[in-house]
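A.B. asks: Structure: target-v4.csv, CSV, C-alpha atoms and all ligand atoms.
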chain,number,residue,atom,x,y,z
A,184,ALA,CA,-58.9,-37.2,6.9
A,185,ILE,CA,-62.3,-38.8,7.8
A,186,LYS,CA,-62.6,-40.6,4.6
A,187,GLY,CA,-59.1,-42.2,5.0
A,188,VAL,CA,-59.8,-43.3,8.5
A,189,ILE,CA,-63.1,-44.9,7.6
A,190,LYS,CA,-61.4,-46.8,4.8
A,191,GLN,CA,-58.5,-47.8,7.1
A,192,TYR,CA,-61.0,-49.1,9.7
A,193,LYS,CA,-63.0,-51.1,7.2
A,194,THR,CA,-62.9,-54.3,9.3
A,195,ALA,CA,-62.3,-52.8,12.7
A,196,PRO,CA,-64.9,-52.8,15.5
A,197,GLN,CA,-67.4,-50.0,15.5
A,198,SER,CA,-66.1,-48.7,18.9
A,199,ALA,CA,-62.6,-48.4,17.5
A,200,LEU,CA,-63.8,-46.4,14.5
A,201,ILE,CA,-65.8,-44.1,16.7
A,202,SER,CA,-63.0,-43.6,19.2
A,203,ARG,CA,-60.7,-42.7,16.3
A,204,LEU,CA,-63.2,-40.3,14.6
A,205,ASN,CA,-64.4,-38.4,17.6
A,206,PRO,CA,-61.3,-36.4,18.4
A,207,ILE,CA,-61.0,-35.4,14.7
A,208,ILE,CA,-64.6,-34.2,14.5
A,209,ARG,CA,-64.5,-32.5,17.9
A,210,GLY,CA,-61.3,-30.7,17.1
A,211,TRP,CA,-62.5,-29.6,13.8
A,212,SER,CA,-65.9,-28.4,15.2
A,213,ASN,CA,-64.3,-26.3,17.9
A,214,TYR,CA,-61.7,-24.8,15.6
A,215,TYR,CA,-64.2,-23.8,12.9
A,216,SER,CA,-67.2,-22.9,15.0
A,217,ALA,CA,-66.2,-19.3,14.8
A,218,VAL,CA,-66.1,-19.2,11.0
A,219,VAL,CA,-68.4,-21.6,9.3
A,220,SER,CA,-72.2,-21.7,9.2
A,221,LYS,CA,-74.6,-24.3,10.6
A,222,GLU,CA,-75.2,-25.4,7.1
A,223,THR,CA,-71.5,-26.4,6.6
A,224,PHE,CA,-71.6,-28.5,9.8
A,225,ILE,CA,-74.9,-30.2,8.6
A,226,LYS,CA,-73.3,-30.9,5.2
A,227,LEU,CA,-70.3,-32.4,6.8
A,228,ASP,CA,-72.4,-34.6,9.2
A,229,ASN,CA,-74.4,-35.8,6.2
A,230,ALA,CA,-71.3,-36.6,4.2
A,231,ILE,CA,-69.9,-38.6,7.1
A,232,TRP,CA,-73.2,-40.3,7.7
A,233,GLN,CA,-73.2,-41.5,4.1
A,234,MET,CA,-69.7,-42.9,4.5
A,235,LEU,CA,-70.6,-44.7,7.7
A,236,ARG,CA,-73.7,-46.1,6.2
A,237,ALA,CA,-71.6,-47.5,3.3
A,238,TRP,CA,-69.1,-48.8,6.0
A,239,THR,CA,-71.9,-50.6,7.7
A,240,VAL,CA,-73.5,-52.0,4.6
A,241,SER,CA,-70.1,-53.4,3.5
A,242,ARG,CA,-69.9,-55.6,6.6
A,243,CYS,CA,-73.4,-56.9,6.4
A,244,GLU,CA,-74.0,-59.7,4.0
A,245,LYS,CA,-77.4,-58.3,3.1
A,246,ALA,CA,-78.2,-54.9,4.5
A,247,SER,CA,-81.5,-54.5,6.1
A,248,HIS,CA,-83.2,-52.0,8.4
A,249,GLU,CA,-82.6,-54.4,11.4
A,250,LYS,CA,-78.9,-54.8,10.6
A,251,LEU,CA,-78.4,-51.1,10.2
A,252,ARG,CA,-80.1,-50.6,13.5
A,253,ASN,CA,-77.3,-52.5,15.2
A,254,TYR,CA,-75.0,-49.7,14.2
A,255,PHE,CA,-77.3,-46.6,14.2
A,256,ARG,CA,-79.6,-45.9,17.1
A,257,HIS,CA,-82.1,-43.4,18.6
A,258,GLU,CA,-80.5,-41.1,21.1
A,259,THR,CA,-81.2,-37.9,22.9
A,260,ILE,CA,-78.1,-35.8,23.2
A,261,LYS,CA,-77.6,-33.0,25.7
A,262,LEU,CA,-75.7,-30.1,24.0
A,263,SER,CA,-73.2,-27.8,25.6
A,264,ASN,CA,-75.7,-25.0,25.6
A,265,GLY,CA,-78.1,-27.1,27.6
A,266,LYS,CA,-80.5,-27.8,24.7
A,267,GLU,CA,-81.4,-31.4,23.8
A,268,ARG,CA,-81.2,-32.9,20.4
A,269,HIS,CA,-82.9,-36.1,19.3
A,270,GLU,CA,-80.9,-38.2,16.8
A,271,ASN,CA,-82.7,-40.8,14.8
A,272,TRP,CA,-79.8,-42.5,13.2
A,273,LEU,CA,-76.8,-41.9,15.5
A,274,PHE,CA,-73.8,-44.0,14.8
A,275,GLN,CA,-73.6,-45.7,18.2
A,276,THR,CA,-72.5,-49.1,19.7
A,277,LYS,CA,-74.6,-51.3,21.9
A,278,ASP,CA,-72.8,-50.0,24.9
A,279,GLY,CA,-73.7,-46.4,24.1
A,280,LEU,CA,-70.4,-45.1,22.6
A,281,HIS,CA,-71.5,-42.8,19.9
A,282,LEU,CA,-70.1,-40.6,17.2
A,283,PHE,CA,-69.8,-36.9,17.8
A,284,LYS,CA,-71.6,-34.6,15.3
A,285,HIS,CA,-70.3,-31.3,14.0
A,286,ASN,CA,-73.7,-29.6,14.3
A,287,TRP,CA,-73.9,-30.2,18.1
A,288,THR,CA,-71.3,-27.4,18.4
A,289,PRO,CA,-72.9,-24.0,18.7
A,290,ILE,CA,-71.7,-21.6,16.1
A,291,VAL,CA,-69.8,-18.7,17.7
A,292,ARG,CA,-69.8,-15.3,16.1
A,293,HIS,CA,-67.0,-12.8,17.1
A,294,THR,CA,-68.6,-9.4,16.9
A,295,LEU,CA,-65.9,-7.5,18.8
A,296,ILE,CA,-64.3,-4.7,16.9
A,297,ARG,CA,-60.8,-3.9,18.0
A,298,PRO,CA,-60.8,-0.5,19.7
A,299,ASP,CA,-57.5,0.5,18.1
A,300,ALA,CA,-58.8,-0.3,14.6
A,301,THR,CA,-59.1,2.4,12.0
A,302,PRO,CA,-61.5,1.0,9.6
A,303,TYR,CA,-61.3,1.4,5.9
A,304,ASP,CA,-62.3,5.0,5.2
A,305,GLY,CA,-63.3,5.1,1.6
A,306,ASN,CA,-59.8,6.2,0.4
A,307,TRP,CA,-59.7,3.7,-2.4
A,308,THR,CA,-56.4,4.8,-3.8
A,309,TYR,CA,-54.5,4.3,-0.5
A,310,TRP,CA,-56.1,1.0,0.2
A,311,ALA,CA,-55.8,-0.4,-3.3
A,312,SER,CA,-52.1,0.3,-3.3
A,313,ARG,CA,-51.5,-1.9,-0.4
A,314,LYS,CA,-50.3,-5.4,-1.1
A,315,GLY,CA,-50.8,-8.8,0.4
A,316,ARG,CA,-49.0,-12.0,-0.4
A,317,ALA,CA,-50.8,-12.2,-3.7
A,318,ILE,CA,-49.6,-9.7,-6.2
A,319,ASP,CA,-52.6,-8.0,-7.6
A,320,THR,CA,-53.6,-4.9,-9.5
A,321,PRO,CA,-54.7,-2.0,-7.3
A,322,ASN,CA,-57.7,-1.6,-9.5
A,323,ARG,CA,-59.0,-5.1,-8.7
A,324,VAL,CA,-58.4,-4.6,-5.0
A,325,ALA,CA,-60.2,-1.3,-5.1
A,326,LYS,CA,-63.2,-2.8,-6.8
A,327,LEU,CA,-63.4,-5.6,-4.2
A,328,LEU,CA,-63.0,-3.2,-1.3
A,329,LYS,CA,-65.9,-1.2,-2.5
A,330,LYS,CA,-68.0,-4.3,-3.0
A,331,GLN,CA,-67.2,-5.5,0.5
A,332,LYS,CA,-67.6,-2.1,2.0
A,333,GLY,CA,-64.2,-2.4,3.6
A,334,ARG,CA,-64.8,-5.6,5.5
A,335,CYS,CA,-63.2,-9.0,5.3
A,336,THR,CA,-65.9,-11.4,4.2
A,337,TRP,CA,-64.5,-14.2,6.4
A,338,CYS,CA,-64.5,-12.6,9.8
A,339,GLY,CA,-66.7,-9.6,9.1
A,340,GLN,CA,-64.1,-7.1,10.6
A,341,PHE,CA,-63.1,-3.9,8.8
A,342,PHE,CA,-59.7,-4.0,7.2
A,343,THR,CA,-57.3,-1.7,9.1
A,344,PRO,CA,-54.0,-0.1,8.0
A,345,SER,CA,-52.0,-2.7,9.9
A,346,ASP,CA,-53.7,-5.7,8.3
A,347,LEU,CA,-52.3,-7.8,5.5
A,348,ILE,CA,-54.9,-8.3,2.8
A,349,GLU,CA,-55.1,-11.0,0.1
A,350,VAL,CA,-57.3,-11.8,-2.8
A,351,ASP,CA,-59.0,-15.1,-2.5
A,352,HIS,CA,-60.9,-17.3,-5.0
A,353,ILE,CA,-64.2,-18.1,-3.3
A,354,VAL,CA,-64.4,-21.4,-5.2
A,355,PRO,CA,-60.7,-22.4,-5.2
A,356,ARG,CA,-59.2,-22.7,-8.7
A,357,SER,CA,-58.2,-26.2,-7.8
A,358,HIS,CA,-62.0,-26.9,-7.5
A,359,GLY,CA,-62.7,-25.3,-10.9
A,360,GLY,CA,-63.3,-21.8,-9.6
A,361,LYS,CA,-62.8,-19.1,-12.2
A,362,ASP,CA,-60.5,-16.0,-12.1
A,363,GLU,CA,-63.4,-13.5,-12.4
A,364,TYR,CA,-64.8,-10.8,-10.1
A,365,LYS,CA,-67.8,-12.7,-8.8
A,366,ASN,CA,-65.4,-15.5,-7.6
A,367,LEU,CA,-63.0,-13.1,-5.9
A,368,GLN,CA,-63.0,-11.7,-2.4
A,369,LEU,CA,-60.5,-9.8,-0.2
A,370,LEU,CA,-59.5,-11.5,3.1
A,371,HIS,CA,-57.1,-10.8,5.9
A,372,ARG,CA,-54.0,-13.0,5.4
A,373,HIS,CA,-54.8,-15.0,8.5
A,374,CYS,CA,-58.5,-15.4,7.5
A,375,HIS,CA,-57.3,-16.5,4.0
A,376,ASP,CA,-55.1,-19.2,5.7
A,377,ASP,CA,-58.1,-20.4,7.7
A,378,LYS,CA,-60.3,-20.5,4.6
A,379,THR,CA,-57.7,-22.4,2.6
A,380,ALA,CA,-57.3,-25.0,5.4
A,381,LEU,CA,-61.1,-25.3,5.4
A,382,ASP,CA,-61.3,-25.7,1.6
A,383,GLU,CA,-58.7,-28.5,1.8
A,384,GLU,CA,-60.4,-30.2,4.7
A,385,MET,CA,-63.8,-30.0,2.9
A,386,MET,CA,-62.2,-31.7,-0.1
A,387,LEU,CA,-60.9,-34.5,2.1
A,388,TYR,CA,-64.3,-34.9,3.7
A,389,SER,CA,-66.3,-35.0,0.5
B,401,ZN,ZN,-60.7,-11.4,8.2
Kindly return the structure encoded in the file as structure tokens.
C.D. replies:
Amino acid sequence: AIKGVIKQYKTAPQSALISRLNPIIRGWSNYYSAVVSKETFIKLDNAIWQMLRAWTVSRCEKASHEKLRNYFRHETIKLSNGKERHENWLFQTKDGLHLFKHNWTPIVRHTLIRPDATPYDGNWTYWASRKGRAIDTPNRVAKLLKKQKGRCTWCGQFFTPSDLIEVDHIVPRSHGGKDEYKNLQLLHRHCHDDKTALDEEMMLYS
């Protein structure tokens, strides 16, 4: 997504590029603030910064500190939680239009446990015989349930009898992840979908 846009806007004005990128970054930040860590946001911002630096260099005949400073500026940003953040190299136009950064969005943690939930109770056989979308051996599911103490590693909630559970490759197989226990985890089906979307998005960003 981001990578393609930057490429597409290779010769466009800086303001056009920023206006195009901001809604993507904002939307992504809001959507994922409940599930990813601060480190993920910082990593994404760094990756984007590298791409924008390359974008800037490609349009300067000879890149210099002064030339870069026409595109990157010092700015103090007021965050939504009232805190201030000083940015040393913020991608910003002369007129003050600046790029939004993922890590300005506070990470939200949902700690609510549904009152009707009957958490996983240690009955391995019952739980292991349940199936999600991925066909899996009950033994493998039982092992993972035990390791995760009955909780989904994505949202942190206990699995309940009404949940659909799936086996996920922590490092996706398409990224070279292996089909072995230390690379497997159990997730709710909807959490699995979120994670897969994030995995794909991360691949586009990087
Ligand atoms: Zn979950």
A.B. asks: Which residue is closest to ligand ZN 401 (chain B)? Choose from A:Gln340, A:Ala380, A:Gly265, A:Leu347 and count all atoms listed in the file.
C.D. replies: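 Closest to ligand ZN 401 (chain B), using all atoms listed in the file: A:Gln340.
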A.B. asks: How many Å lie between CA of Ser263 in chain A and CA of Ile225 in chain A, rounded to one decimal?
C.D. replies: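 Spanning CA of Ser263 in chain A to CA of Ile225 in chain A is a straight-line distance of 17.3 Å.
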A.B. asks: Determine the nearest neighbour of ligand ZN 401 (chain B) from the options A:Glu383, A:Asp362, A:Asp346, A:Glu270, counting only C-alpha atoms and all ligand atoms.
C.D. replies: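 Result for the nearest residue to ligand ZN 401 (chain B): A:Asp346.
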A.B. asks: Write out as a PyMOL selection string each polymer residue (protein, DNA or RNA) that has an atom no more than 8 Å from ligand ZN 401 (chain B), with only C-alpha atoms and all ligand atoms counted.
C.D. replies: chain A and resi 334-342+370-375
A.B. asks: What is the distance between CA of Val188 in chain A and CA of Ile207 in chain A, in Å to one decimal?
C.D. replies: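 If I compute the distance from CA of Val188 in chain A to CA of Ile207 in chain A, I get 10.1 Å.
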A.B. asks: Rank A:Ala184, A:Lys190, A:Gln331, A:Leu251 by their smallest atom-to-atom distance to Pro206 in chain A, using only C-alpha atoms, and report the top residue only.
C.D. replies: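 Selected residue with least distance to Pro206 in chain A: A:Ala184.
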A.B. asks: In Å, with one decimal, what is the gap from CA of Leu328 in chain A to CA of Asp351 in chain A?
C.D. replies: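 One can read the CA of Leu328 in chain A to CA of Asp351 in chain A distance as 12.6 Å.
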A.B. asks: Hey, which of A:Lys361, A:His285, A:His352, A:Lys378 ends up closest to Lys226 in chain A? Count only C-alpha atoms.
C.D. replies: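 Residue with the minimum atom-to-atom distance to Lys226 in chain A: A:His285.
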A.B. asks: For Lys186 in chain A, which of A:Asn253, A:Gln233, A:Thr259, A:Gln368 is the closest residue, counting only C-alpha atoms?
C.D. replies: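 Closest candidate: A:Gln233.
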A.B. asks: I'd like the neighbourhood of range 212-215 of chain A as an mmCIF file with C-alpha atoms, in the coordinates of the input, where a residue qualifies if any of its atoms comes within 9 Å (using only C-alpha atoms), though same-chain residues fewer than 3 positions away should be ignored.
C.D. replies:
data_model
loop_
_atom_site.group_PDB
_atom_site.id
_atom_site.type_symbol
_atom_site.label_atom_id
_atom_site.label_comp_id
_atom_site.auth_asym_id
_atom_site.auth_seq_id
_atom_site.Cartn_x
_atom_site.Cartn_y
_atom_site.Cartn_z
ATOM 1 C CA ILE A 207 -61.000 -35.400 14.700
ATOM 2 C CA ILE A 208 -64.600 -34.200 14.500
ATOM 3 C CA ARG A 209 -64.500 -32.500 17.900
ATOM 4 C CA VAL A 218 -66.100 -19.200 11.000
ATOM 5 C CA VAL A 219 -68.400 -21.600 9.300
ATOM 6 C CA PHE A 224 -71.600 -28.500 9.800
ATOM 7 C CA LYS A 284 -71.600 -34.600 15.300
ATOM 8 C CA HIS A 285 -70.300 -31.300 14.000
ATOM 9 C CA ASN A 286 -73.700 -29.600 14.300
ATOM 10 C CA TRP A 287 -73.900 -30.200 18.100
ATOM 11 C CA THR A 288 -71.300 -27.400 18.400
ATOM 12 C CA PRO A 289 -72.900 -24.000 18.700
ATOM 13 C CA ILE A 290 -71.700 -21.600 16.100
ATOM 14 C CA VAL A 291 -69.800 -18.700 17.700
ATOM 15 C CA ASP A 377 -58.100 -20.400 7.700
ATOM 16 C CA LEU A 381 -61.100 -25.300 5.400
#
